[in-house]
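Colleague: Dropping in my_file.txt, with compact mmCIF, C-alpha atoms and all ligand atoms.
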```txt
# COMPACT_ATOMS: atom_id res chain seq x y z
CA MET A 568 0.00 0.00 0.00
CA ASN A 569 1.29 3.39 -0.95
CA GLU A 570 1.16 5.64 2.05
CA ILE A 571 -0.18 9.15 1.66
CA TYR A 572 0.99 11.35 4.48
CA MET A 573 -1.06 14.50 4.99
CA ASP A 574 -0.45 15.07 8.67
CA ASN A 575 2.48 17.43 8.42
CA ASN A 576 1.21 19.81 11.11
CA ALA A 577 1.66 16.91 13.52
CA THR A 578 5.16 16.16 12.33
CA THR A 579 7.17 15.99 9.12
CA LYS A 580 9.51 13.59 7.43
CA VAL A 581 13.18 14.38 7.96
CA ASP A 582 14.44 15.61 4.61
CA GLU A 583 17.14 13.28 3.18
CA ALA A 584 19.46 16.27 2.81
CA VAL A 585 18.94 17.10 6.47
CA PHE A 586 19.67 13.54 7.51
CA LYS A 587 22.82 13.53 5.40
CA GLU A 588 23.99 16.70 7.09
CA MET A 589 23.47 15.43 10.65
CA ARG A 590 24.63 11.85 10.17
CA PRO A 591 28.42 12.30 10.57
CA TYR A 592 27.87 14.02 13.92
CA PHE A 593 26.66 10.86 15.64
CA CYS A 594 29.62 8.49 15.30
CA GLU A 595 32.44 10.46 13.69
CA PHE A 596 32.29 14.02 14.98
CA TYR A 597 30.76 13.40 18.34
CA GLY A 598 32.79 15.96 20.30
CA ASN A 599 31.28 18.27 22.87
CA PRO A 600 31.31 21.80 21.45
CA SER A 601 32.52 23.16 24.78
CA SER A 602 35.73 21.09 24.73
CA MET A 603 39.00 22.92 24.12
CA HIS A 604 40.45 20.32 21.76
CA PHE A 605 40.09 20.29 17.97
CA PHE A 606 37.46 17.57 18.22
CA GLY A 607 35.04 19.83 20.05
CA GLY A 608 36.03 22.78 17.87
CA GLN A 609 34.92 21.02 14.70
CA VAL A 610 31.46 20.54 16.14
CA GLN A 611 31.36 24.07 17.52
CA LYS A 612 32.00 25.41 14.01
CA LYS A 613 29.14 23.38 12.62
CA VAL A 614 26.82 24.51 15.42
CA ASP A 615 27.76 28.13 14.63
CA GLU A 616 26.93 27.53 10.99
CA ALA A 617 23.55 26.09 11.99
CA ARG A 618 22.87 29.10 14.20
CA ASN A 619 23.59 31.40 11.26
CA ARG A 620 21.25 29.42 9.05
CA VAL A 621 18.38 29.54 11.55
CA ALA A 622 18.96 33.25 12.12
CA SER A 623 18.96 33.88 8.41
CA LEU A 624 15.57 32.20 7.90
CA LEU A 625 14.11 34.37 10.68
CA GLY A 626 15.81 37.61 9.66
CA ALA A 627 17.46 37.55 13.09
CA SER A 628 21.02 37.82 14.28
CA PRO A 629 22.78 34.58 15.35
CA ASP A 630 23.11 35.86 18.94
CA GLU A 631 19.34 35.95 19.18
CA ILE A 632 18.98 32.19 18.60
CA VAL A 633 18.78 29.93 21.67
CA PHE A 634 18.56 26.22 20.95
CA THR A 635 16.11 24.27 23.11
CA ALA A 636 14.70 20.75 23.14
CA CYS A 637 11.35 21.52 21.52
CA GLY A 638 8.66 24.04 20.80
CA THR A 639 7.05 23.28 24.15
CA GLU A 640 10.22 24.13 26.03
CA SER A 641 10.59 27.40 24.12
CA ASP A 642 7.00 28.38 24.94
CA ASN A 643 7.47 27.56 28.62
CA ALA A 644 10.83 29.35 28.78
CA ALA A 645 9.43 32.54 27.21
CA ILE A 646 6.40 32.84 29.47
CA ARG A 647 8.17 31.85 32.68
CA SER A 648 11.00 34.26 31.95
CA ALA A 649 8.60 37.18 31.55
CA LEU A 650 7.02 36.41 34.92
CA GLU A 651 10.43 36.36 36.60
CA VAL A 652 11.54 39.57 34.95
CA PHE A 653 8.32 41.28 36.12
CA PRO A 654 7.60 39.65 39.50
CA GLU A 655 5.16 42.41 40.41
CA ARG A 656 3.02 41.92 37.31
CA ARG A 657 0.31 39.28 37.63
CA HIS A 658 -1.45 39.34 34.26
CA VAL A 659 -0.88 37.13 31.23
CA ILE A 660 -2.73 37.36 27.92
CA THR A 661 -3.08 34.51 25.47
CA THR A 662 -5.80 33.07 23.23
CA ARG A 663 -8.32 30.27 23.57
CA VAL A 664 -6.88 28.52 20.55
CA GLU A 665 -3.23 28.16 21.59
CA HIS A 666 -1.44 24.85 21.56
CA PRO A 667 -1.46 23.10 24.97
CA ALA A 668 2.23 24.04 25.30
CA VAL A 669 1.03 27.58 26.05
CA LEU A 670 -2.54 27.00 27.21
CA THR A 671 -1.81 24.42 29.88
CA LEU A 672 0.94 26.58 31.34
CA CYS A 673 -1.37 29.60 31.41
CA ARG A 674 -4.17 27.62 33.01
CA ASN A 675 -1.74 26.39 35.67
CA LEU A 676 -0.68 29.98 36.26
CA SER A 677 -4.28 31.02 36.80
CA LYS A 678 -4.56 28.38 39.51
CA ARG A 679 -1.53 29.97 41.14
CA GLY A 680 -3.12 33.38 41.39
CA TYR A 681 -2.22 34.95 38.07
CA ARG A 682 -4.90 36.73 36.09
CA VAL A 683 -5.03 35.08 32.69
CA THR A 684 -6.97 36.55 29.78
CA GLU A 685 -7.75 34.08 27.01
CA LEU A 686 -8.75 36.08 23.94
CA ASN A 687 -11.75 34.79 22.00
CA VAL A 688 -11.93 34.07 18.30
CA ASP A 689 -14.84 34.47 15.91
CA GLY A 690 -16.47 31.74 13.83
CA GLU A 691 -13.60 31.85 11.35
CA GLY A 692 -10.93 31.63 14.03
CA ARG A 693 -10.00 35.33 13.91
CA LEU A 694 -9.07 37.45 16.94
CA ASP A 695 -10.84 40.62 17.90
CA LEU A 696 -8.02 43.14 18.26
CA ASP A 697 -10.27 45.48 20.26
CA GLU A 698 -10.60 42.78 22.88
CA LEU A 699 -6.80 42.66 23.04
CA ARG A 700 -6.61 46.44 23.23
CA ARG A 701 -8.98 46.42 26.20
CA ALA A 702 -7.11 43.59 27.92
CA VAL A 703 -3.53 44.91 27.89
CA ASP A 704 -2.71 46.99 30.98
CA GLU A 705 0.24 47.96 33.16
CA ASP A 706 -0.11 44.70 35.09
CA THR A 707 0.45 42.62 31.93
CA ALA A 708 3.78 40.77 31.98
CA ILE A 709 3.47 38.99 28.66
CA VAL A 710 1.17 38.54 25.70
CA SER A 711 1.58 35.16 24.01
CA VAL A 712 -0.28 34.68 20.72
CA MET A 713 0.48 31.96 18.22
CA TRP A 714 1.51 32.98 14.70
CA ALA A 715 -0.54 30.27 13.01
CA ASN A 716 -2.95 27.73 14.40
CA ASN A 717 -1.98 24.07 14.12
CA GLU A 718 -5.55 22.80 13.64
CA THR A 719 -7.07 25.29 11.23
CA GLY A 720 -3.98 26.98 9.79
CA VAL A 721 -5.50 30.39 10.61
CA VAL A 722 -2.75 33.04 10.65
CA PHE A 723 -2.96 35.84 13.22
CA PRO A 724 -1.93 39.44 12.37
CA ILE A 725 1.17 39.25 14.55
CA GLU A 726 2.57 42.69 13.79
CA GLU A 727 -0.75 44.43 14.50
CA ILE A 728 -0.96 42.52 17.76
CA GLY A 729 2.62 43.44 18.60
CA ALA A 730 1.94 47.10 17.90
CA ILE A 731 -0.93 47.05 20.41
CA VAL A 732 1.25 45.32 23.03
CA LYS A 733 4.00 47.89 22.51
CA GLU A 734 1.58 50.80 22.65
CA LYS A 735 -0.43 49.75 25.69
CA GLY A 736 1.73 47.22 27.51
CA LYS A 737 4.18 49.45 29.41
CA GLY A 738 7.04 47.17 28.45
CA ALA A 739 5.09 43.90 28.50
CA PHE A 740 6.76 41.17 26.49
CA PHE A 741 5.32 39.90 23.24
CA HIS A 742 5.86 36.20 22.56
CA THR A 743 4.61 34.20 19.61
CA ASP A 744 4.43 30.44 19.20
CA ALA A 745 5.50 30.30 15.56
CA VAL A 746 5.90 26.52 15.51
CA GLN A 747 3.43 26.17 12.62
CA ALA A 748 4.48 29.31 10.79
CA VAL A 749 8.25 28.92 10.42
CA GLY A 750 9.13 27.48 7.05
CA LYS A 751 5.55 27.88 5.78
CA ILE A 752 5.28 31.66 5.58
CA PRO A 753 8.01 34.30 5.54
CA LEU A 754 8.81 35.93 8.87
CA ASN A 755 11.25 38.75 9.44
CA MET A 756 12.41 39.49 12.95
CA ALA A 757 14.47 42.46 11.74
CA THR A 758 11.31 44.51 11.27
CA SER A 759 9.09 42.71 13.77
CA THR A 760 7.43 43.70 17.05
CA VAL A 761 8.04 40.20 18.45
CA ASP A 762 10.32 39.94 21.50
CA MET A 763 10.38 36.15 21.75
CA LEU A 764 9.42 33.44 19.28
CA SER A 765 9.22 29.65 19.52
CA LEU A 766 9.88 27.19 16.74
CA SER A 767 10.23 23.44 16.51
CA GLY A 768 12.46 21.44 14.15
CA HIS A 769 10.15 18.53 13.53
CA LYS A 770 7.56 20.73 11.83
CA LEU A 771 9.99 21.70 9.07
CA HIS A 772 11.69 18.46 8.11
CA ALA A 773 14.28 18.35 10.90
CA PRO A 774 14.01 15.66 13.57
CA LYS A 775 11.96 15.71 16.75
CA GLY A 776 13.54 17.05 19.92
CA ILE A 777 15.11 20.28 18.68
CA GLY A 778 13.60 23.71 19.09
CA VAL A 779 14.58 27.36 19.17
CA LEU A 780 13.69 30.29 21.32
CA TYR A 781 14.34 33.49 19.39
CA LEU A 782 15.21 36.13 21.93
CA ARG A 783 15.46 39.70 20.67
CA LYS A 784 18.69 41.48 21.54
CA GLY A 785 18.22 43.57 24.69
CA VAL A 786 15.16 41.66 25.91
CA PRO A 787 15.83 40.65 29.52
CA PHE A 788 15.67 36.90 30.04
CA ARG A 789 15.75 34.47 32.96
CA PRO A 790 16.72 30.96 31.89
CA PHE A 791 14.31 28.08 32.34
CA LEU A 792 17.12 25.51 32.63
CA VAL A 793 20.15 26.50 34.68
CA GLY A 794 23.45 24.66 34.98
CA GLY A 795 26.32 24.99 32.53
CA HIS A 796 27.09 28.05 30.42
CA GLN A 797 25.71 26.78 27.13
CA GLU A 798 23.80 29.13 24.83
CA LYS A 799 25.40 32.15 26.52
CA ASN A 800 23.85 31.18 29.87
CA ARG A 801 20.38 31.19 28.39
CA ARG A 802 19.82 27.43 28.25
CA ALA A 803 22.00 25.02 30.19
CA GLY A 804 22.61 21.46 29.05
CA THR A 805 24.99 19.98 26.49
CA GLU A 806 23.77 20.97 23.07
CA ASN A 807 21.81 18.51 20.94
CA THR A 808 24.49 18.96 18.29
CA VAL A 809 22.98 16.62 15.70
CA GLY A 810 19.57 18.19 16.14
CA ILE A 811 21.00 21.69 15.86
CA ILE A 812 22.94 20.82 12.71
CA ALA A 813 19.85 19.20 11.24
CA LEU A 814 17.69 22.21 12.04
CA GLY A 815 20.27 24.50 10.46
CA LYS A 816 20.06 22.53 7.23
CA ALA A 817 16.26 22.40 7.38
CA CYS A 818 16.14 26.18 7.75
CA GLU A 819 18.54 26.64 4.88
CA LEU A 820 16.32 24.46 2.67
CA ALA A 821 13.20 26.30 3.82
CA ALA A 822 14.74 29.68 3.07
CA ARG A 823 15.88 28.55 -0.37
CA HIS A 824 12.69 26.82 -1.50
CA MET A 825 9.88 28.43 0.49
CA ASP A 826 8.42 30.54 -2.31
CA ASP A 827 8.25 27.86 -5.00
CA GLU A 828 7.26 25.07 -2.71
CA ASN A 829 4.55 26.92 -0.93
CA THR A 830 2.99 28.00 -4.20
CA ARG A 831 2.87 24.35 -5.23
CA VAL A 832 1.63 23.19 -1.81
CA LYS A 833 -1.07 25.86 -1.79
CA GLY A 834 -2.14 24.81 -5.28
CA MET A 835 -2.59 21.23 -4.08
CA ARG A 836 -4.39 22.29 -0.89
CA ASP A 837 -6.74 24.57 -2.82
CA ARG A 838 -7.58 21.87 -5.33
CA LEU A 839 -8.24 19.37 -2.55
CA GLN A 840 -10.51 21.87 -0.82
CA ARG A 841 -12.39 22.79 -4.00
CA GLU A 842 -12.98 19.21 -5.06
CA LEU A 843 -14.04 17.96 -1.64
CA LEU A 844 -16.51 20.82 -1.26
CA SER A 845 -17.99 20.10 -4.65
CA LEU A 846 -18.17 16.30 -4.19
CA ILE A 847 -19.38 16.10 -0.58
CA PRO A 848 -22.59 17.80 0.54
CA HIS A 849 -22.74 19.53 3.93
CA ALA A 850 -19.04 20.08 4.22
CA ARG A 851 -17.51 23.32 5.42
CA ILE A 852 -14.01 24.69 5.85
CA ASN A 853 -12.98 25.60 9.38
CA GLY A 854 -11.39 29.04 9.17
CA GLY A 855 -12.11 29.17 5.45
CA ALA A 856 -12.73 32.93 5.40
CA ALA A 857 -9.61 33.77 7.41
CA GLU A 858 -6.04 34.08 6.21
CA ARG A 859 -4.58 30.58 6.43
CA LEU A 860 -1.29 28.73 6.07
CA PRO A 861 -0.83 27.46 2.52
CA ASN A 862 -0.64 23.82 3.61
CA THR A 863 -3.58 23.33 5.99
CA LEU A 864 -7.15 22.24 5.28
CA SER A 865 -9.50 21.65 8.20
CA ILE A 866 -12.80 20.46 6.83
CA ALA A 867 -15.97 19.54 8.70
CA PHE A 868 -18.42 16.91 7.52
CA GLU A 869 -21.70 17.14 9.32
CA TYR A 870 -23.10 14.05 11.04
CA VAL A 871 -20.01 11.88 10.86
CA GLU A 872 -17.32 11.02 13.35
CA GLY A 873 -13.81 12.33 12.81
CA GLU A 874 -12.25 9.14 14.11
CA ALA A 875 -14.37 6.93 11.92
CA ILE A 876 -13.30 8.94 8.87
CA LEU A 877 -9.66 8.69 9.86
CA MET A 878 -9.87 4.97 10.46
CA LEU A 879 -11.39 4.30 7.06
CA LEU A 880 -8.89 6.62 5.38
CA SER A 881 -6.09 4.89 7.21
CA GLU A 882 -7.23 1.57 5.73
CA LYS A 883 -6.61 3.18 2.33
CA GLY A 884 -3.15 4.29 3.41
CA ILE A 885 -4.14 7.93 3.94
CA CYS A 886 -2.84 9.65 7.10
CA ALA A 887 -4.67 12.75 8.30
CA SER A 888 -5.76 13.99 11.67
CA SER A 889 -9.08 14.70 13.34
CA GLY A 890 -8.10 17.88 15.10
CA SER A 891 -10.13 16.71 18.04
CA ALA A 892 -9.23 15.93 21.58
CA CYS A 893 -10.94 12.58 21.35
CA THR A 894 -7.78 11.21 19.75
CA SER A 895 -6.32 11.54 23.22
CA GLY A 896 -9.12 9.58 24.79
CA SER A 897 -11.59 12.34 25.62
CA LEU A 898 -14.96 12.75 23.98
CA GLU A 899 -14.66 16.52 23.82
CA PRO A 900 -14.18 17.96 20.38
CA SER A 901 -11.17 20.17 19.77
CA HIS A 902 -10.82 23.26 21.99
CA VAL A 903 -9.94 25.24 18.87
CA LEU A 904 -13.12 24.37 17.01
CA ARG A 905 -15.17 24.87 20.17
CA ALA A 906 -13.64 28.32 20.66
CA MET A 907 -14.71 29.10 17.07
CA GLY A 908 -18.25 28.06 17.91
CA VAL A 909 -18.22 25.29 15.30
CA PRO A 910 -21.43 23.32 15.97
CA PHE A 911 -20.90 20.09 17.90
CA THR A 912 -22.01 17.96 14.95
CA CYS A 913 -19.40 19.60 12.71
CA ALA A 914 -16.60 19.76 15.25
CA HIS A 915 -16.83 16.00 15.70
CA GLY A 916 -16.63 15.36 11.98
CA SER A 917 -13.66 17.58 11.30
CA VAL A 918 -10.60 16.28 9.51
CA ARG A 919 -7.32 18.11 9.07
CA PHE A 920 -5.18 17.55 6.01
CA SER A 921 -1.78 19.21 6.30
CA LEU A 922 0.53 19.01 3.32
CA SER A 923 4.26 19.34 2.81
CA ARG A 924 6.64 19.63 -0.10
CA PHE A 925 6.71 15.83 -0.28
CA ASN A 926 3.05 15.57 -1.30
CA THR A 927 2.13 15.10 -4.93
CA ASP A 928 -0.85 15.68 -7.19
CA GLN A 929 -1.42 11.92 -7.05
CA ASP A 930 -1.86 12.16 -3.28
CA VAL A 931 -4.54 14.78 -3.80
CA ASP A 932 -6.19 12.63 -6.50
CA ALA A 933 -6.31 9.67 -4.12
CA ILE A 934 -8.05 11.63 -1.36
CA ILE A 935 -10.52 13.10 -3.80
CA ARG A 936 -11.28 9.54 -4.94
CA GLU A 937 -11.40 7.83 -1.53
CA LEU A 938 -12.98 10.34 0.81
CA PRO A 939 -16.44 10.98 -0.70
CA PRO A 940 -17.53 7.31 -0.52
CA VAL A 941 -16.19 7.12 3.05
CA ILE A 942 -18.36 10.03 4.13
CA GLN A 943 -21.35 8.64 2.26
CA ARG A 944 -20.95 5.24 3.91
CA LEU A 945 -20.59 6.71 7.41
CA ARG A 946 -23.61 8.93 6.99
CA GLU A 947 -25.67 5.94 5.88
CA MET A 948 -24.52 3.98 8.93
CA SER A 949 -25.26 6.65 11.50
CA PRO A 950 -28.83 7.15 12.73
CA PHE A 951 -28.24 10.91 12.82
CA GLY A 952 -26.74 10.82 9.39
CA ARG A 953 -29.65 8.84 7.95
CA GLU A 954 -32.18 11.20 9.42
CA PHE A 955 -30.19 14.10 8.11
CA LEU A 956 -29.82 12.62 4.63
CA ASN A 957 -33.56 11.99 4.46
CA ARG A 958 -34.44 15.54 5.33
C1 LIG A 1001 1.45 25.49 17.54
C2 LIG A 1001 2.33 24.49 18.24
N1 LIG A 1001 3.03 24.85 19.33
C3 LIG A 1001 3.83 24.00 19.98
C4 LIG A 1001 3.99 22.71 19.56
C5 LIG A 1001 4.88 21.80 20.34
O1 LIG A 1001 6.11 21.60 19.72
P1 LIG A 1001 7.04 20.40 20.19
O2 LIG A 1001 6.39 19.16 19.70
O3 LIG A 1001 8.36 20.63 19.54
O4 LIG A 1001 7.13 20.46 21.66
C6 LIG A 1001 3.29 22.27 18.42
C7 LIG A 1001 3.43 20.87 17.94
O5 LIG A 1001 2.57 20.05 18.07
C8 LIG A 1001 2.43 23.18 17.76
O6 LIG A 1001 1.72 22.81 16.69
S1 LIG A 1002 -15.69 12.01 19.49
FE1 LIG A 1002 -14.59 11.91 17.66
S2 LIG A 1002 -14.48 13.88 16.89
FE2 LIG A 1002 -15.37 14.04 18.81
```
Show me this structure written as structure tokens.

Modeller:
Amino acid sequence: MNEIYMDNNATTKVDEAVFKEMRPYFCEFYGNPSSMHFFGGQVQKKVDEARNRVASLLGASPDEIVFTACGTESDNAAIRSALEVFPERRHVITTRVEHPAVLTLCRNLSKRGYRVTELNVDGEGRLDLDELRRAVDEDTAIVSVMWANNETGVVFPIEEIGAIVKEKGKGAFFHTDAVQAVGKIPLNMATSTVDMLSLSGHKLHAPKGIGVLYLRKGVPFRPFLVGGHQEKNRRAGTENTVGIIALGKACELAARHMDDENTRVKGMRDRLQRELLSLIPHARINGGAAERLPNTLSIAFEYVEGEAILMLLSEKGICASSGSACTSGSLEPSHVLRAMGVPFTCAHGSVRFSLSRFNTDQDVDAIIRELPPVIQRLREMSPFGREFLNR
């Protein structure tokens, strides 16, 4: 069976060129970059090169790049640092649609006496900037808003948000979880209002377990992990050298190919969306009217179960995701779709296809061929679906 992988917002394949770049650093050049001898020096040089490559993709300076273990660590480090820098400030602003890496931390903070504002989104997943404007005050330590949503692909107007934080925040930090944005849309820290940004290697064809916290020059920072002097005292722990080198290569590839590839990826995503909407009745795009990442399609089929769709697709070799919490054993539909007010019946039947540069037109053809009969079959099987079809 030919596998069709359209779950790239969950994780991506390591690019062969990335693997080739990191491979010698396991068994041949395994030195510790902090060692004085030539063996460590060789690795240090390669880590420096990787730092330059990451910085270049972000329009940042290499000193502003702190390597971490993952996107989650970067998110935690950014928010916790802000609270330590401003111990007297007790207010944190985020959104209802953040990844759990931010949302769980914020909800824990609210249990510990912090005031946490979770900004709402409208039916298309868009923020109300007036709500943000009203929320920011002199007690706000940090505003953390994701650049792009992992489930719907909806892109937030980060620079407009940053301008509001800078205008009203009395020095409050602005952090963005850009884990889904980096490599998919161009970002430029040189002209940005962002103070701190998180990214994760495994979303852009580097391996799992490597992340970055971008930390703007001059922004005060308290490290999350303390110990050795790595990363200029901003993140202790011996560097994940192979991961760093891999991420450097992945960023270099992303910078070089982003324009062409994303045009092609968007073409495939748009065709998939168009065809599915025309072939399957009572389907709707989650976040369809908002600005979205070029690779993401979250589509709701009324009166069917997300899991059932995924299981039947999986039998055909097609990997997608349901964008619902029930994949993790709960019966609640996704917090993102709920925040958008997507009706229960649609939220449950939502499927996310997320493409990458490794997808082909044949992959899109296969989904267009396989999915409509799957939905038809499931609707016929379900009592709700039957009633609904007979209406
Ligand atoms: C928006 C967003 N933030 C954070 C993360 C967490 O990244 P990591 O898996 O590297 O911890 C993810 C990945 O699932 C994500 O999609
Ligand atoms: S129970 Fe499956 S999508 Fe909600």

Colleague: Rounded to one decimal place, report the CA of Arg657 (chain A)-CA of Leu792 (chain A) distance in Å.

Modeller: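 CA of Leu792 (chain A) lies at a distance of 22.3 Å from CA of Arg657 (chain A).
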
Colleague: Could you give me the centre and size, in Å to one decimal, of an axis-aligned box around all listed atoms of ligand LIG 1001 (chain A) with 3 Å added on every side, as lines of an AutoDock Vina configuration file?

Modeller:
```
center_x = 4.9
center_y = 22.3
center_z = 19.2
size_x = 12.9
size_y = 12.3
size_z = 11.0
```

Colleague: Using all atoms listed in the file, find each protein or nucleic acid residue lying at most 10 Å from ligand LIG 1001 (chain A); present the set as a ChimeraX atom specification.

Modeller: /A:575-578,635-643,664-670,712-718,720,743-748,765-770,774-779

Colleague: Near region 872-875 of chain A, within 7 Å and counting all atoms listed in the file, which residues show up once chain neighbours fewer than 4 positions away are dropped, as a short mmCIF file (atom, residue, chain, number, x, y, z; two decimals) with C-alpha atoms, in the frame of the given file?

Modeller:
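Now in result.cif:
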```cif
data_model
loop_
_atom_site.label_atom_id
_atom_site.label_comp_id
_atom_site.auth_asym_id
_atom_site.auth_seq_id
_atom_site.Cartn_x
_atom_site.Cartn_y
_atom_site.Cartn_z
CA LEU A 879 -11.39 4.30 7.06
CA SER A 889 -9.08 14.70 13.34
CA HIS A 915 -16.83 16.00 15.70
CA GLY A 916 -16.63 15.36 11.98
CA SER A 917 -13.66 17.58 11.30
CA VAL A 918 -10.60 16.28 9.51
#
```

Colleague: For Ile731 (chain A), which residue among A:Glu698, A:Met568, A:Met756, A:Tyr597 is the nearest when counting all atoms listed in the file?

Modeller: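 Of A:Glu698, A:Met568, A:Met756, A:Tyr597, the one nearest Ile731 (chain A) is A:Glu698, counting all atoms listed in the file.
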
Colleague: Can you work out the spacing between CA of Ser865 (chain A) and CA of Phe951 (chain A) in Å, to one decimal?

Modeller: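 According to the coordinates, CA of Ser865 (chain A) and CA of Phe951 (chain A) are separated by 22.1 Å.
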
Colleague: Show me, as a list in words, the residues that have an atom within 9 Å of region 780-787 of chain A when counting all atoms listed in the file, minus same-chain residues fewer than 4 positions from it.

Modeller: Ala622, Leu625, Ala627, Ser628, Asp630, Glu631, Ile632, Val633, Phe634, Thr635, Gly638, Glu640, Ser641, Asp642, Ala644, Ala645, Ser648, Ala649, Val652, Phe740, Met756, Val761, Asp762, Met763, Leu764, Ser765 and Leu766 of chain A

Colleague: Could you list as a PyMOL selection string every residue that has an atom within 8 Å of (11.7, 31.8, 9.6), using the file's coordinates and counting only C-alpha atoms?

Modeller: chain A and resi 621-626+748-750+752-755+818+822

Colleague: At what distance in Å, to one decimal, does CA of Ala887 (chain A) lie from CA of Thr863 (chain A)?

Modeller: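 CA of Ala887 (chain A) lies at a distance of 10.9 Å from CA of Thr863 (chain A).
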
Colleague: Just checking: using only C-alpha atoms, which residue out of A:Arg674, A:Lys816, A:Lys733, A:Arg789 ends up closest to Ala803 (chain A)?

Modeller: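 Looking at the shortest contact to Ala803 (chain A), the residue is A:Arg789.
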
Colleague: Counting all atoms listed in the file, which residue out of A:Arg936, A:Arg905, A:Arg679, A:His742 sits closest to ligand LIG 1002 (chain A)?

Modeller: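 Under the stated criterion, the closest residue is A:Arg905.
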
Colleague: Taking (22.9, 19.7, 18.2) in the file's coordinates, which residues come within 12 Å, counting only C-alpha atoms, written as an mmCIF file with C-alpha atoms, keeping the file's coordinate frame?

Modeller:
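Listed below is the output, part-v8.cif:
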```
data_model
loop_
_atom_site.group_PDB
_atom_site.id
_atom_site.type_symbol
_atom_site.label_atom_id
_atom_site.label_comp_id
_atom_site.auth_asym_id
_atom_site.auth_seq_id
_atom_site.Cartn_x
_atom_site.Cartn_y
_atom_site.Cartn_z
ATOM 1 C CA GLU A 588 23.990 16.700 7.090
ATOM 2 C CA MET A 589 23.470 15.430 10.650
ATOM 3 C CA ARG A 590 24.630 11.850 10.170
ATOM 4 C CA PRO A 591 28.420 12.300 10.570
ATOM 5 C CA TYR A 592 27.870 14.020 13.920
ATOM 6 C CA PHE A 593 26.660 10.860 15.640
ATOM 7 C CA PHE A 596 32.290 14.020 14.980
ATOM 8 C CA TYR A 597 30.760 13.400 18.340
ATOM 9 C CA GLY A 598 32.790 15.960 20.300
ATOM 10 C CA ASN A 599 31.280 18.270 22.870
ATOM 11 C CA PRO A 600 31.310 21.800 21.450
ATOM 12 C CA VAL A 610 31.460 20.540 16.140
ATOM 13 C CA GLN A 611 31.360 24.070 17.520
ATOM 14 C CA LYS A 612 32.000 25.410 14.010
ATOM 15 C CA LYS A 613 29.140 23.380 12.620
ATOM 16 C CA VAL A 614 26.820 24.510 15.420
ATOM 17 C CA ASP A 615 27.760 28.130 14.630
ATOM 18 C CA GLU A 616 26.930 27.530 10.990
ATOM 19 C CA ALA A 617 23.550 26.090 11.990
ATOM 20 C CA ARG A 618 22.870 29.100 14.200
ATOM 21 C CA VAL A 633 18.780 29.930 21.670
ATOM 22 C CA PHE A 634 18.560 26.220 20.950
ATOM 23 C CA THR A 635 16.110 24.270 23.110
ATOM 24 C CA ALA A 636 14.700 20.750 23.140
ATOM 25 C CA GLY A 768 12.460 21.440 14.150
ATOM 26 C CA ALA A 773 14.280 18.350 10.900
ATOM 27 C CA PRO A 774 14.010 15.660 13.570
ATOM 28 C CA LYS A 775 11.960 15.710 16.750
ATOM 29 C CA GLY A 776 13.540 17.050 19.920
ATOM 30 C CA ILE A 777 15.110 20.280 18.680
ATOM 31 C CA GLY A 778 13.600 23.710 19.090
ATOM 32 C CA VAL A 779 14.580 27.360 19.170
ATOM 33 C CA GLN A 797 25.710 26.780 27.130
ATOM 34 C CA GLU A 798 23.800 29.130 24.830
ATOM 35 C CA GLY A 804 22.610 21.460 29.050
ATOM 36 C CA THR A 805 24.990 19.980 26.490
ATOM 37 C CA GLU A 806 23.770 20.970 23.070
ATOM 38 C CA ASN A 807 21.810 18.510 20.940
ATOM 39 C CA THR A 808 24.490 18.960 18.290
ATOM 40 C CA VAL A 809 22.980 16.620 15.700
ATOM 41 C CA GLY A 810 19.570 18.190 16.140
ATOM 42 C CA ILE A 811 21.000 21.690 15.860
ATOM 43 C CA ILE A 812 22.940 20.820 12.710
ATOM 44 C CA ALA A 813 19.850 19.200 11.240
ATOM 45 C CA LEU A 814 17.690 22.210 12.040
ATOM 46 C CA GLY A 815 20.270 24.500 10.460
ATOM 47 C CA LYS A 816 20.060 22.530 7.230
#
```
